>>> print(open('query01.pdb').read())   # PDB, C-alpha atoms and all ligand atoms
ATOM      1  CA  MET A   1     -14.799  -3.060  -9.794
ATOM      2  CA  THR A   2     -17.995  -4.436  -8.349
ATOM      3  CA  GLY A   3     -18.970  -7.878  -7.188
ATOM      4  CA  LEU A   4     -15.750  -9.558  -8.273
ATOM      5  CA  ARG A   5     -15.841 -13.279  -7.657
ATOM      6  CA  LYS A   6     -13.326 -15.947  -8.413
ATOM      7  CA  ALA A   7     -13.101 -19.564  -7.386
ATOM      8  CA  TYR A   8     -10.602 -22.271  -8.168
ATOM      9  CA  GLY A   9     -12.794 -25.325  -8.398
ATOM     10  CA  ASP A  10     -14.976 -25.150  -5.297
ATOM     11  CA  LYS A  11     -12.487 -22.984  -3.405
ATOM     12  CA  VAL A  12     -13.817 -19.416  -3.373
ATOM     13  CA  VAL A  13     -10.838 -17.062  -3.475
ATOM     14  CA  LEU A  14     -12.584 -13.717  -4.099
ATOM     15  CA  ASP A  15     -16.043 -13.424  -2.643
ATOM     16  CA  GLY A  16     -17.572 -10.205  -3.957
ATOM     17  CA  ILE A  17     -14.956  -7.459  -4.041
ATOM     18  CA  ASP A  18     -15.956  -3.847  -4.702
ATOM     19  CA  PHE A  19     -13.604  -0.914  -4.918
ATOM     20  CA  GLU A  20     -12.771   2.108  -6.973
ATOM     21  CA  VAL A  21      -9.414   3.735  -7.531
ATOM     22  CA  ALA A  22      -9.232   7.432  -8.335
ATOM     23  CA  ALA A  23      -7.064   8.341 -11.311
ATOM     24  CA  GLY A  24      -3.702   9.743 -10.243
ATOM     25  CA  SER A  25      -3.772   8.153  -6.801
ATOM     26  CA  VAL A  26      -1.951   5.309  -5.065
ATOM     27  CA  TYR A  27      -4.194   2.440  -4.009
ATOM     28  CA  SER A  28      -2.689  -0.252  -1.861
ATOM     29  CA  MET A  29      -4.056  -3.708  -1.265
ATOM     30  CA  LEU A  30      -2.929  -5.499   1.869
ATOM     31  CA  GLY A  31      -3.742  -8.923   3.184
ATOM     32  CA  PRO A  32      -2.187 -11.989   4.721
ATOM     33  CA  ASN A  33      -0.672 -14.672   2.491
ATOM     34  CA  GLY A  34      -3.331 -16.393   0.459
ATOM     35  CA  ALA A  35      -5.913 -13.602   0.936
ATOM     36  CA  GLY A  36      -6.389 -13.201  -2.809
ATOM     37  CA  LYS A  37      -4.235 -10.187  -3.681
ATOM     38  CA  THR A  38      -2.430 -11.796  -6.593
ATOM     39  CA  THR A  39      -5.715 -13.140  -7.927
ATOM     40  CA  THR A  40      -7.188  -9.619  -7.809
ATOM     41  CA  VAL A  41      -4.171  -8.201  -9.636
ATOM     42  CA  ASN A  42      -4.338 -11.003 -12.212
ATOM     43  CA  VAL A  43      -7.959 -10.148 -12.976
ATOM     44  CA  LEU A  44      -7.233  -6.406 -13.157
ATOM     45  CA  THR A  45      -4.303  -6.990 -15.504
ATOM     46  CA  THR A  46      -6.323  -9.345 -17.753
ATOM     47  CA  LEU A  47      -4.151 -12.369 -16.980
ATOM     48  CA  MET A  48      -7.159 -14.144 -15.525
ATOM     49  CA  THR A  49     -10.898 -13.887 -16.057
ATOM     50  CA  ALA A  50     -13.331 -13.394 -13.184
ATOM     51  CA  ASP A  51     -16.282 -15.725 -12.582
ATOM     52  CA  ALA A  52     -18.609 -12.824 -11.871
ATOM     53  CA  GLY A  53     -18.586  -9.082 -11.368
ATOM     54  CA  SER A  54     -17.865  -6.019 -13.391
ATOM     55  CA  VAL A  55     -14.272  -4.879 -13.670
ATOM     56  CA  ARG A  56     -13.259  -1.735 -15.490
ATOM     57  CA  VAL A  57      -9.668  -0.607 -15.845
ATOM     58  CA  ALA A  58      -8.821   2.753 -17.371
ATOM     59  CA  GLY A  59     -12.424   3.004 -18.531
ATOM     60  CA  HIS A  60     -12.463  -0.354 -20.342
ATOM     61  CA  ASP A  61     -14.199  -3.553 -19.348
ATOM     62  CA  VAL A  62     -11.603  -6.280 -18.795
ATOM     63  CA  ALA A  63     -13.976  -8.832 -20.308
ATOM     64  CA  THR A  64     -14.503  -7.057 -23.616
ATOM     65  CA  GLY A  65     -11.617  -4.619 -23.889
ATOM     66  CA  ILE A  66      -8.537  -6.715 -23.131
ATOM     67  CA  LYS A  67      -6.481  -4.958 -25.785
ATOM     68  CA  GLN A  68      -7.362  -1.467 -24.575
ATOM     69  CA  VAL A  69      -6.764  -2.407 -20.958
ATOM     70  CA  ARG A  70      -3.378  -3.910 -21.782
ATOM     71  CA  ALA A  71      -2.409  -0.784 -23.696
ATOM     72  CA  ALA A  72      -3.192   1.384 -20.668
ATOM     73  CA  ILE A  73      -1.386  -0.577 -17.976
ATOM     74  CA  GLY A  74       2.125  -1.506 -16.918
ATOM     75  CA  VAL A  75       2.900  -4.401 -14.603
ATOM     76  CA  THR A  76       6.049  -4.794 -12.547
ATOM     77  CA  GLY A  77       7.211  -7.559 -10.263
ATOM     78  CA  GLN A  78       6.633 -11.235 -10.692
ATOM     79  CA  PHE A  79       5.915 -11.095 -14.422
ATOM     80  CA  ALA A  80       8.838  -8.853 -15.201
ATOM     81  CA  ALA A  81      10.567  -9.448 -18.467
ATOM     82  CA  VAL A  82      14.059  -8.431 -17.401
ATOM     83  CA  ASP A  83      16.682 -10.458 -19.294
ATOM     84  CA  GLU A  84      19.759 -11.174 -17.165
ATOM     85  CA  LEU A  85      22.028 -11.730 -20.150
ATOM     86  CA  LEU A  86      21.417  -8.322 -21.640
ATOM     87  CA  SER A  87      22.561  -4.960 -20.352
ATOM     88  CA  GLY A  88      20.164  -2.511 -18.737
ATOM     89  CA  ARG A  89      20.184  -0.366 -21.863
ATOM     90  CA  GLU A  90      19.498  -3.379 -24.119
ATOM     91  CA  ASN A  91      16.594  -4.462 -21.939
ATOM     92  CA  LEU A  92      15.072  -1.005 -22.159
ATOM     93  CA  GLN A  93      15.665  -0.828 -25.891
ATOM     94  CA  LEU A  94      14.037  -4.219 -26.392
ATOM     95  CA  MET A  95      10.972  -3.032 -24.519
ATOM     96  CA  ALA A  96      10.930   0.189 -26.534
ATOM     97  CA  ASP A  97      11.038  -1.869 -29.754
ATOM     98  CA  LEU A  98       8.243  -4.138 -28.515
ATOM     99  CA  LYS A  99       6.047  -1.168 -27.684
ATOM    100  CA  ARG A 100       7.058   0.532 -30.927
ATOM    101  CA  VAL A 101       8.481   3.528 -29.117
ATOM    102  CA  ARG A 102      10.902   4.854 -31.687
ATOM    103  CA  SER A 103      12.632   7.721 -29.945
ATOM    104  CA  ARG A 104      16.116   6.811 -28.627
ATOM    105  CA  ASP A 105      15.779   9.589 -26.049
ATOM    106  CA  VAL A 106      13.214   7.548 -24.149
ATOM    107  CA  VAL A 107      15.784   4.914 -23.171
ATOM    108  CA  THR A 108      18.456   7.480 -22.320
ATOM    109  CA  GLY A 109      15.933   9.534 -20.358
ATOM    110  CA  LEU A 110      14.841   6.556 -18.282
ATOM    111  CA  LEU A 111      18.441   5.521 -17.537
ATOM    112  CA  GLU A 112      19.069   9.017 -16.232
ATOM    113  CA  ARG A 113      15.843   9.254 -14.300
ATOM    114  CA  PHE A 114      16.528   5.969 -12.510
ATOM    115  CA  ASP A 115      20.183   6.728 -11.924
ATOM    116  CA  LEU A 116      21.307   3.752 -14.010
ATOM    117  CA  VAL A 117      23.579   5.557 -16.475
ATOM    118  CA  GLU A 118      26.832   4.191 -15.066
ATOM    119  CA  SER A 119      25.674   0.593 -15.176
ATOM    120  CA  ALA A 120      23.668   0.960 -18.377
ATOM    121  CA  ASP A 121      26.038  -1.196 -20.415
ATOM    122  CA  LYS A 122      26.718  -3.854 -17.815
ATOM    123  CA  LEU A 123      24.852  -7.156 -17.841
ATOM    124  CA  VAL A 124      21.781  -7.210 -15.601
ATOM    125  CA  ALA A 125      23.178 -10.403 -14.042
ATOM    126  CA  THR A 126      25.692  -8.147 -12.256
ATOM    127  CA  TYR A 127      23.024  -5.725 -10.917
ATOM    128  CA  SER A 128      22.045  -5.456  -7.264
ATOM    129  CA  GLY A 129      18.452  -6.108  -6.178
ATOM    130  CA  GLY A 130      17.734  -2.381  -6.006
ATOM    131  CA  MET A 131      19.096  -1.787  -9.524
ATOM    132  CA  ARG A 132      17.018  -4.648 -10.924
ATOM    133  CA  ARG A 133      13.859  -3.249  -9.427
ATOM    134  CA  LYS A 134      14.620   0.184 -10.798
ATOM    135  CA  LEU A 135      15.237  -1.296 -14.237
ATOM    136  CA  ASP A 136      12.040  -3.338 -13.989
ATOM    137  CA  LEU A 137      10.045  -0.202 -13.210
ATOM    138  CA  ALA A 138      11.856   1.792 -15.913
ATOM    139  CA  MET A 139      10.896  -0.887 -18.462
ATOM    140  CA  THR A 140       7.287  -0.698 -17.285
ATOM    141  CA  LEU A 141       7.247   3.048 -17.929
ATOM    142  CA  ILE A 142       8.054   2.713 -21.618
ATOM    143  CA  GLY A 143       4.950   3.616 -23.554
ATOM    144  CA  LYS A 144       3.702   5.790 -20.662
ATOM    145  CA  PRO A 145       1.059   3.522 -19.077
ATOM    146  CA  GLU A 146      -1.756   5.352 -17.252
ATOM    147  CA  ILE A 147      -1.918   2.725 -14.538
ATOM    148  CA  ILE A 148       0.983   0.843 -13.013
ATOM    149  CA  PHE A 149       0.685  -2.322 -10.970
ATOM    150  CA  LEU A 150       3.552  -2.424  -8.523
ATOM    151  CA  ASP A 151       3.985  -5.781  -6.925
ATOM    152  CA  GLU A 152       6.051  -5.637  -3.746
ATOM    153  CA  PRO A 153       8.401  -3.007  -5.161
ATOM    154  CA  THR A 154      10.764  -2.861  -2.188
ATOM    155  CA  THR A 155      10.900  -6.424  -0.902
ATOM    156  CA  GLY A 156      14.495  -7.193  -0.010
ATOM    157  CA  LEU A 157      15.800  -3.662  -0.549
ATOM    158  CA  ASP A 158      17.969  -1.804   1.949
ATOM    159  CA  PRO A 159      16.473   1.302   3.622
ATOM    160  CA  ARG A 160      18.165   3.744   1.260
ATOM    161  CA  SER A 161      17.026   1.923  -1.891
ATOM    162  CA  ARG A 162      13.517   1.704  -0.434
ATOM    163  CA  ARG A 163      13.424   5.475  -0.040
ATOM    164  CA  THR A 164      14.700   5.955  -3.589
ATOM    165  CA  MET A 165      11.919   3.681  -4.825
ATOM    166  CA  TRP A 166       9.336   5.613  -2.793
ATOM    167  CA  ASP A 167      10.567   8.874  -4.300
ATOM    168  CA  ILE A 168      10.246   7.405  -7.773
ATOM    169  CA  VAL A 169       6.679   6.298  -7.036
ATOM    170  CA  ARG A 170       5.803   9.753  -5.707
ATOM    171  CA  GLY A 171       7.273  11.280  -8.850
ATOM    172  CA  LEU A 172       5.086   9.059 -11.018
ATOM    173  CA  VAL A 173       1.983  10.035  -9.095
ATOM    174  CA  ALA A 174       2.915  13.701  -9.381
ATOM    175  CA  ASP A 175       2.947  13.153 -13.154
ATOM    176  CA  GLY A 176      -0.597  11.794 -12.985
ATOM    177  CA  THR A 177       0.055   8.043 -13.057
ATOM    178  CA  THR A 178      -2.281   5.809 -11.071
ATOM    179  CA  ILE A 179      -0.564   3.172  -8.950
ATOM    180  CA  PHE A 180      -1.967  -0.097  -7.656
ATOM    181  CA  LEU A 181       0.436  -1.277  -5.002
ATOM    182  CA  THR A 182       0.690  -4.593  -3.250
ATOM    183  CA  THR A 183       3.145  -4.741  -0.405
ATOM    184  CA  GLN A 184       3.945  -6.731   2.697
ATOM    185  CA  TYR A 185       5.191  -3.597   4.416
ATOM    186  CA  LEU A 186       2.522  -1.643   6.178
ATOM    187  CA  ASP A 187       4.767   1.363   6.636
ATOM    188  CA  GLU A 188       5.165   1.439   2.859
ATOM    189  CA  ALA A 189       1.398   1.524   2.354
ATOM    190  CA  ASP A 190       1.155   4.170   5.059
ATOM    191  CA  GLU A 191       3.861   6.214   3.387
ATOM    192  CA  LEU A 192       2.603   5.990  -0.201
ATOM    193  CA  ALA A 193      -1.061   5.064  -0.392
ATOM    194  CA  ASP A 194      -3.970   7.483  -0.650
ATOM    195  CA  ARG A 195      -6.321   4.621   0.113
ATOM    196  CA  ILE A 196      -5.809   1.146   1.448
ATOM    197  CA  ALA A 197      -7.909  -1.980   1.114
ATOM    198  CA  VAL A 198      -7.433  -4.859   3.525
ATOM    199  CA  LEU A 199      -8.299  -8.200   1.994
ATOM    200  CA  ASN A 200      -8.891 -11.269   4.114
ATOM    201  CA  HIS A 201     -10.350 -14.602   3.045
ATOM    202  CA  GLY A 202     -11.466 -13.163  -0.269
ATOM    203  CA  ARG A 203     -13.366 -10.232   1.201
ATOM    204  CA  LEU A 204     -12.508  -6.603   1.804
ATOM    205  CA  VAL A 205     -12.577  -6.222   5.567
ATOM    206  CA  ALA A 206     -11.662  -2.542   5.520
ATOM    207  CA  GLU A 207     -11.131   0.248   3.046
ATOM    208  CA  GLY A 208     -10.174   3.867   3.492
ATOM    209  CA  THR A 209      -7.354   6.338   3.942
ATOM    210  CA  PRO A 210      -4.535   5.201   6.231
ATOM    211  CA  GLU A 211      -5.815   7.635   8.870
ATOM    212  CA  GLN A 212      -9.380   6.335   8.676
ATOM    213  CA  LEU A 213      -8.151   2.779   9.116
ATOM    214  CA  LYS A 214      -6.031   3.705  12.096
ATOM    215  CA  ARG A 215      -8.954   5.415  13.761
ATOM    216  CA  ARG A 216     -11.085   2.299  13.439
ATOM    217  CA  ILE A 217      -9.232   0.424  16.097
ATOM    218  CA  PRO A 218      -8.723   1.330  19.734
ATOM    219  CA  GLY A 219      -5.298   2.156  21.088
ATOM    220  CA  GLY A 220      -5.141   5.837  20.176
ATOM    221  CA  HIS A 221      -4.554   8.151  23.085
ATOM    222  CA  VAL A 222      -3.551  11.596  24.180
ATOM    223  CA  ARG A 223      -0.470  11.584  26.379
ATOM    224  CA  LEU A 224       0.088  14.264  28.979
ATOM    225  CA  ARG A 225       3.484  14.614  30.586
ATOM    226  CA  PHE A 226       4.276  16.520  33.720
ATOM    227  CA  THR A 227       7.563  17.607  35.247
ATOM    228  CA  ASP A 228       6.089  18.543  38.615
ATOM    229  CA  PRO A 229       5.089  15.397  40.593
ATOM    230  CA  ALA A 230       2.439  17.334  42.516
ATOM    231  CA  ALA A 231       0.779  18.529  39.293
ATOM    232  CA  TYR A 232       0.944  14.973  37.965
ATOM    233  CA  ARG A 233      -0.726  13.549  41.078
ATOM    234  CA  SER A 234      -3.492  16.102  41.095
ATOM    235  CA  ALA A 235      -4.156  15.532  37.379
ATOM    236  CA  ALA A 236      -4.201  11.773  37.928
ATOM    237  CA  ALA A 237      -6.730  12.199  40.712
ATOM    238  CA  THR A 238      -8.964  14.350  38.483
ATOM    239  CA  LEU A 239      -8.682  12.268  35.330
ATOM    240  CA  ARG A 240      -9.980   8.942  36.569
ATOM    241  CA  ASP A 241     -10.268   7.432  33.061
ATOM    242  CA  ALA A 242      -6.633   8.048  32.341
ATOM    243  CA  THR A 243      -3.961   5.391  32.603
ATOM    244  CA  THR A 244      -1.123   6.547  34.806
ATOM    245  CA  ASP A 245       2.608   6.036  34.493
ATOM    246  CA  ASP A 246       4.320   7.155  37.697
ATOM    247  CA  GLU A 247       7.800   6.641  36.342
ATOM    248  CA  THR A 248       7.497   9.118  33.466
ATOM    249  CA  LEU A 249       4.854  11.258  35.211
ATOM    250  CA  SER A 250       2.524  10.815  32.304
ATOM    251  CA  LEU A 251      -1.160  10.129  31.768
ATOM    252  CA  ARG A 252      -2.852   8.475  28.799
ATOM    253  CA  ILE A 253      -6.363   9.476  27.885
ATOM    254  CA  PRO A 254      -8.067   7.225  25.309
ATOM    255  CA  SER A 255      -8.854   9.124  22.099
ATOM    256  CA  ASP A 256      -9.652   8.229  18.513
ATOM    257  CA  GLY A 257      -7.285  10.985  17.387
ATOM    258  CA  SER A 258      -9.987  12.954  15.569
ATOM    259  CA  GLN A 259      -9.922  16.731  15.668
ATOM    260  CA  ARG A 260     -13.294  16.839  17.391
ATOM    261  CA  GLU A 261     -12.275  14.483  20.178
ATOM    262  CA  LEU A 262      -8.958  16.179  20.653
ATOM    263  CA  ARG A 263     -10.709  19.508  21.032
ATOM    264  CA  SER A 264     -13.076  18.128  23.632
ATOM    265  CA  VAL A 265     -10.169  16.646  25.598
ATOM    266  CA  LEU A 266      -8.380  20.014  25.503
ATOM    267  CA  ASP A 267     -11.509  21.936  26.503
ATOM    268  CA  TRP A 268     -12.064  19.591  29.360
ATOM    269  CA  LEU A 269      -8.447  19.872  30.568
ATOM    270  CA  ASP A 270      -8.849  23.673  30.520
ATOM    271  CA  SER A 271     -12.088  23.495  32.438
ATOM    272  CA  VAL A 272     -10.553  21.424  35.245
ATOM    273  CA  GLY A 273      -7.445  23.610  35.235
ATOM    274  CA  ILE A 274      -4.895  20.991  34.216
ATOM    275  CA  GLU A 275      -1.872  22.176  32.336
ATOM    276  CA  ALA A 276       0.601  19.521  31.238
ATOM    277  CA  ASP A 277       4.193  20.265  30.262
ATOM    278  CA  GLU A 278       3.920  18.197  27.141
ATOM    279  CA  LEU A 279       0.967  16.915  25.180
ATOM    280  CA  SER A 280       1.205  14.406  22.363
ATOM    281  CA  LEU A 281      -1.217  12.396  20.292
ATOM    282  CA  HIS A 282      -0.628   8.729  19.596
ATOM    283  CA  THR A 283      -2.555   6.920  16.906
ATOM    284  CA  PRO A 284      -2.266   3.199  16.319
ATOM    285  CA  ASP A 285      -0.086   2.317  13.360
ATOM    286  CA  LEU A 286      -1.112   0.192  10.427
ATOM    287  CA  ASP A 287       0.427  -2.901  11.968
ATOM    288  CA  ASP A 288      -2.128  -2.640  14.798
ATOM    289  CA  VAL A 289      -4.909  -2.147  12.270
ATOM    290  CA  PHE A 290      -3.828  -5.053  10.110
ATOM    291  CA  LEU A 291      -3.508  -7.452  13.018
ATOM    292  CA  ALA A 292      -6.832  -6.394  14.534
ATOM    293  CA  LEU A 293      -8.741  -6.662  11.262
ATOM    294  CA  THR A 294      -7.312  -9.882   9.953
ATOM    295  CA  GLU A 295      -7.351 -11.607  13.320
ATOM    296  CA  ASN A 296     -11.044 -10.833  13.911
ATOM    297  CA  THR A 297     -12.176 -12.153  10.608
ATOM    298  CA  THR A 298     -10.092 -15.269  11.017
ATOM    299  CA  LYS A 299     -11.937 -15.905  14.261
ATOM    300  CA  GLU A 300     -15.286 -15.197  12.589
ATOM    301  CA  ALA A 301     -14.463 -17.540   9.775
ATOM    302  CA  ILE A 302     -13.553 -20.271  12.238
ATOM    303  CA  ALA A 303     -16.758 -19.659  14.211
ATOM    304  CA  ARG A 304     -18.927 -19.890  11.100
TER     305      ARG A 304
HETATM  306  N1  LIG B   1      -4.269 -21.699  -9.792
HETATM  307  C1  LIG B   1      -4.758 -21.928  -8.583
HETATM  308  N2  LIG B   1      -5.465 -23.049  -8.325
HETATM  309  C2  LIG B   1      -6.004 -23.277  -7.111
HETATM  310  N3  LIG B   1      -5.884 -22.429  -6.060
HETATM  311  C3  LIG B   1      -5.187 -21.308  -6.239
HETATM  312  C4  LIG B   1      -4.594 -20.991  -7.506
HETATM  313  N4  LIG B   1      -3.976 -19.808  -7.384
HETATM  314  C5  LIG B   1      -4.161 -19.383  -6.105
HETATM  315  N5  LIG B   1      -4.890 -20.279  -5.418
HETATM  316  C6  LIG B   1      -5.349 -20.154  -4.023
HETATM  317  O1  LIG B   1      -6.115 -18.983  -3.919
HETATM  318  C7  LIG B   1      -5.874 -18.306  -2.683
HETATM  319  C8  LIG B   1      -5.498 -16.853  -2.938
HETATM  320  O2  LIG B   1      -4.266 -16.799  -3.619
HETATM  321  P1  LIG B   1      -3.525 -15.445  -4.006
HETATM  322  O3  LIG B   1      -2.266 -15.834  -4.662
HETATM  323  O4  LIG B   1      -4.463 -14.574  -4.754
HETATM  324  O5  LIG B   1      -3.260 -14.814  -2.578
HETATM  325  P2  LIG B   1      -2.294 -13.629  -2.177
HETATM  326  O6  LIG B   1      -3.106 -12.749  -1.302
HETATM  327  O7  LIG B   1      -1.690 -13.018  -3.357
HETATM  328  O8  LIG B   1      -1.211 -14.356  -1.306
HETATM  329  P3  LIG B   1       0.379 -14.106  -1.183
HETATM  330  O9  LIG B   1       0.556 -12.915  -0.308
HETATM  331  O10 LIG B   1       0.817 -15.373  -0.506
HETATM  332  O11 LIG B   1       0.924 -13.964  -2.551
HETATM  333  C9  LIG B   1      -4.808 -19.109  -1.970
HETATM  334  O12 LIG B   1      -5.458 -19.920  -1.021
HETATM  335  C10 LIG B   1      -4.195 -19.955  -3.058
HETATM  336  O13 LIG B   1      -3.760 -21.174  -2.527
END
>>> encode(input="query01.pdb", output="structure tokens", more="lines below")
Ligand SMILES: Nc1ncnc2c1ncn2[C@@H]1O[C@H](COP(=O)(O)OP(=O)(O)OP(=O)(O)O)[C@@H](O)[C@H]1O
Amino acid sequence: MTGLRKAYGDKVVLDGIDFEVAAGSVYSMLGPNGAGKTTTVNVLTTLMTADAGSVRVAGHDVATGIKQVRAAIGVTGQFAAVDELLSGRENLQLMADLKRVRSRDVVTGLLERFDLVESADKLVATYSGGMRRKLDLAMTLIGKPEIIFLDEPTTGLDPRSRRTMWDIVRGLVADGTTIFLTTQYLDEADELADRIAVLNHGRLVAEGTPEQLKRRIPGGHVRLRFTDPAAYRSAAATLRDATTDDETLSLRIPSDGSQRELRSVLDWLDSVGIEADELSLHTPDLDDVFLALTENTTKEAIAR
């Protein structure tokens, strides 16, 4: 999509968004509450029209090809059509009928794939949160959509159910499905996404692979640990830029974590004859990135 704009009255919610998602990849959009994520998803899924910009989904323009776009996508989450008073199997069957998928094997296959066979004939009202989400996603898969919009797929799930959900998502991607993921959990984006976009105040403030985003902010360092206090002291005296930690006999050398910088740190350590007992690389995690990026732009916006 290019130049996507959307305003509610005079409140600009999306202020020129551009991004591209490669087929068969996981693209995650992150942003604080009210950043415009849901609005973006609503435009992409044809639930809302944009004020300006060009938006293509699965090769079709959302303005002129609503029908084709809808046929190519599946949407889970807030718009889910799960009926509490039907069983899991009945819900799936209903969706299969709606999408005119005639084969009975599709429903059985999905129940098996999502490990819902035992509860297939129980009412959804009795399902746990994890089972509901699995059923929701299973229903979305009927008709084999090329692109799936996953809205906060693991909110409220226990760690085991989260991992099951992640495995399911990875399986879908392995089969060639494209996933557009919104999540509040940065570790989830880190775990699943090929690329991440950070949205703040209706603009993309960063876009890239999780690693690229992490390298953008300071905080990465190489950590050298020593067991011999004398070796530690002599290294600390040589490496003036390093931060010292006398308790653990370790030194921290700032580094962006790139291969090139790591090599130069190692070469330099060799040249001054320092040999640590343990060397590890620490990169900032996505929480650091998110806070740094969204905090800065909030300040900018206030200053403007
Ligand atoms: N129908 C509407 N009319 C007016 N303003 C709206 C409407 N829908 C959303 N907004 C406003 O647009 C902004 C972006 O909303 P949006 O729901 O896209 O954000 P979001 O990033 O999905 O947030 P959240 O994480 O809280 O769901 C918010 O300030 C919201 O108050």
>>> residues_around(input="query01.pdb", residues="region 116-122 of chain A", least_positions_apart="3", cutoff="7 Å", atoms="all atoms listed in the file", output="MDAnalysis selection string")
chainID A and resid 87:89 111:112
>>> write_last_selection(input="query01.pdb", atoms="C-alpha atoms", output="PDB file, in the frame of the given file")
ATOM      1  CA  SER A  87      22.561  -4.960 -20.352  1.00  0.00           C
ATOM      2  CA  GLY A  88      20.164  -2.511 -18.737  1.00  0.00           C
ATOM      3  CA  ARG A  89      20.184  -0.366 -21.863  1.00  0.00           C
ATOM      4  CA  LEU A 111      18.441   5.521 -17.537  1.00  0.00           C
ATOM      5  CA  GLU A 112      19.069   9.017 -16.232  1.00  0.00           C
TER       6      GLU A 112
END
>>> atom_distance(input="query01.pdb", atom1="CA of Ala96 (chain A)", atom2="CA of Thr177 (chain A)")
19.0 Å
>>> resolve_selection(input="query01.pdb", expression="the PyMOL selection byres (((not hetatm)) within 10 of (chain B and resi 1))", output="ChimeraX atom specification")
/A:6-14,29-43,48,151-152,182-184,199-202
>>> closest_residue(input="query01.pdb", among="A:Pro254, A:Pro229, A:Pro145, A:Gly156", to="Gly176 (chain A)", atoms="only C-alpha atoms")
A:Pro145
>>> resolve_selection(input="query01.pdb", expression="the PyMOL selection byres (((chain A and resi 25) around 8) and not hetatm)", output="CSV table (one decimal) with C-alpha atoms, in the coordinates of the input")
chain,number,residue,atom,x,y,z
A,21,VAL,CA,-9.4,3.7,-7.5
A,22,ALA,CA,-9.2,7.4,-8.3
A,23,ALA,CA,-7.1,8.3,-11.3
A,24,GLY,CA,-3.7,9.7,-10.2
A,26,VAL,CA,-2.0,5.3,-5.1
A,27,TYR,CA,-4.2,2.4,-4.0
A,173,VAL,CA,2.0,10.0,-9.1
A,176,GLY,CA,-0.6,11.8,-13.0
A,177,THR,CA,0.1,8.0,-13.1
A,178,THR,CA,-2.3,5.8,-11.1
A,179,ILE,CA,-0.6,3.2,-9.0
A,193,ALA,CA,-1.1,5.1,-0.4
A,194,ASP,CA,-4.0,7.5,-0.6
>>> resolve_selection(input="query01.pdb", expression="the PyMOL selection byres (((chain A and resi 157-167) around 8) and not hetatm)", output="MDAnalysis selection string")
chainID A and resid 129:130 134 153:156 168:171 192
>>> closest_residue(input="query01.pdb", among="A:Leu141, A:Val82, A:Ala174, A:Ile196", to="Glu20 (chain A)", atoms="all atoms listed in the file")
A:Ile196
>>> atom_distance(input="query01.pdb", atom1="CA of Val124 (chain A)", atom2="CA of Asp136 (chain A)")
10.6 Å
>>> residues_near_point(input="query01.pdb", point="(-3.9, 1.4, -18.4)", cutoff="12 Å", atoms="all atoms listed in the file", output="MDAnalysis selection string")
chainID A and resid 23:24 44:46 56:62 65:75 140:141 143:149 177:180
>>> atom_distance(input="query01.pdb", atom1="CA of Asp246 (chain A)", atom2="CA of Arg263 (chain A)")
25.6 Å
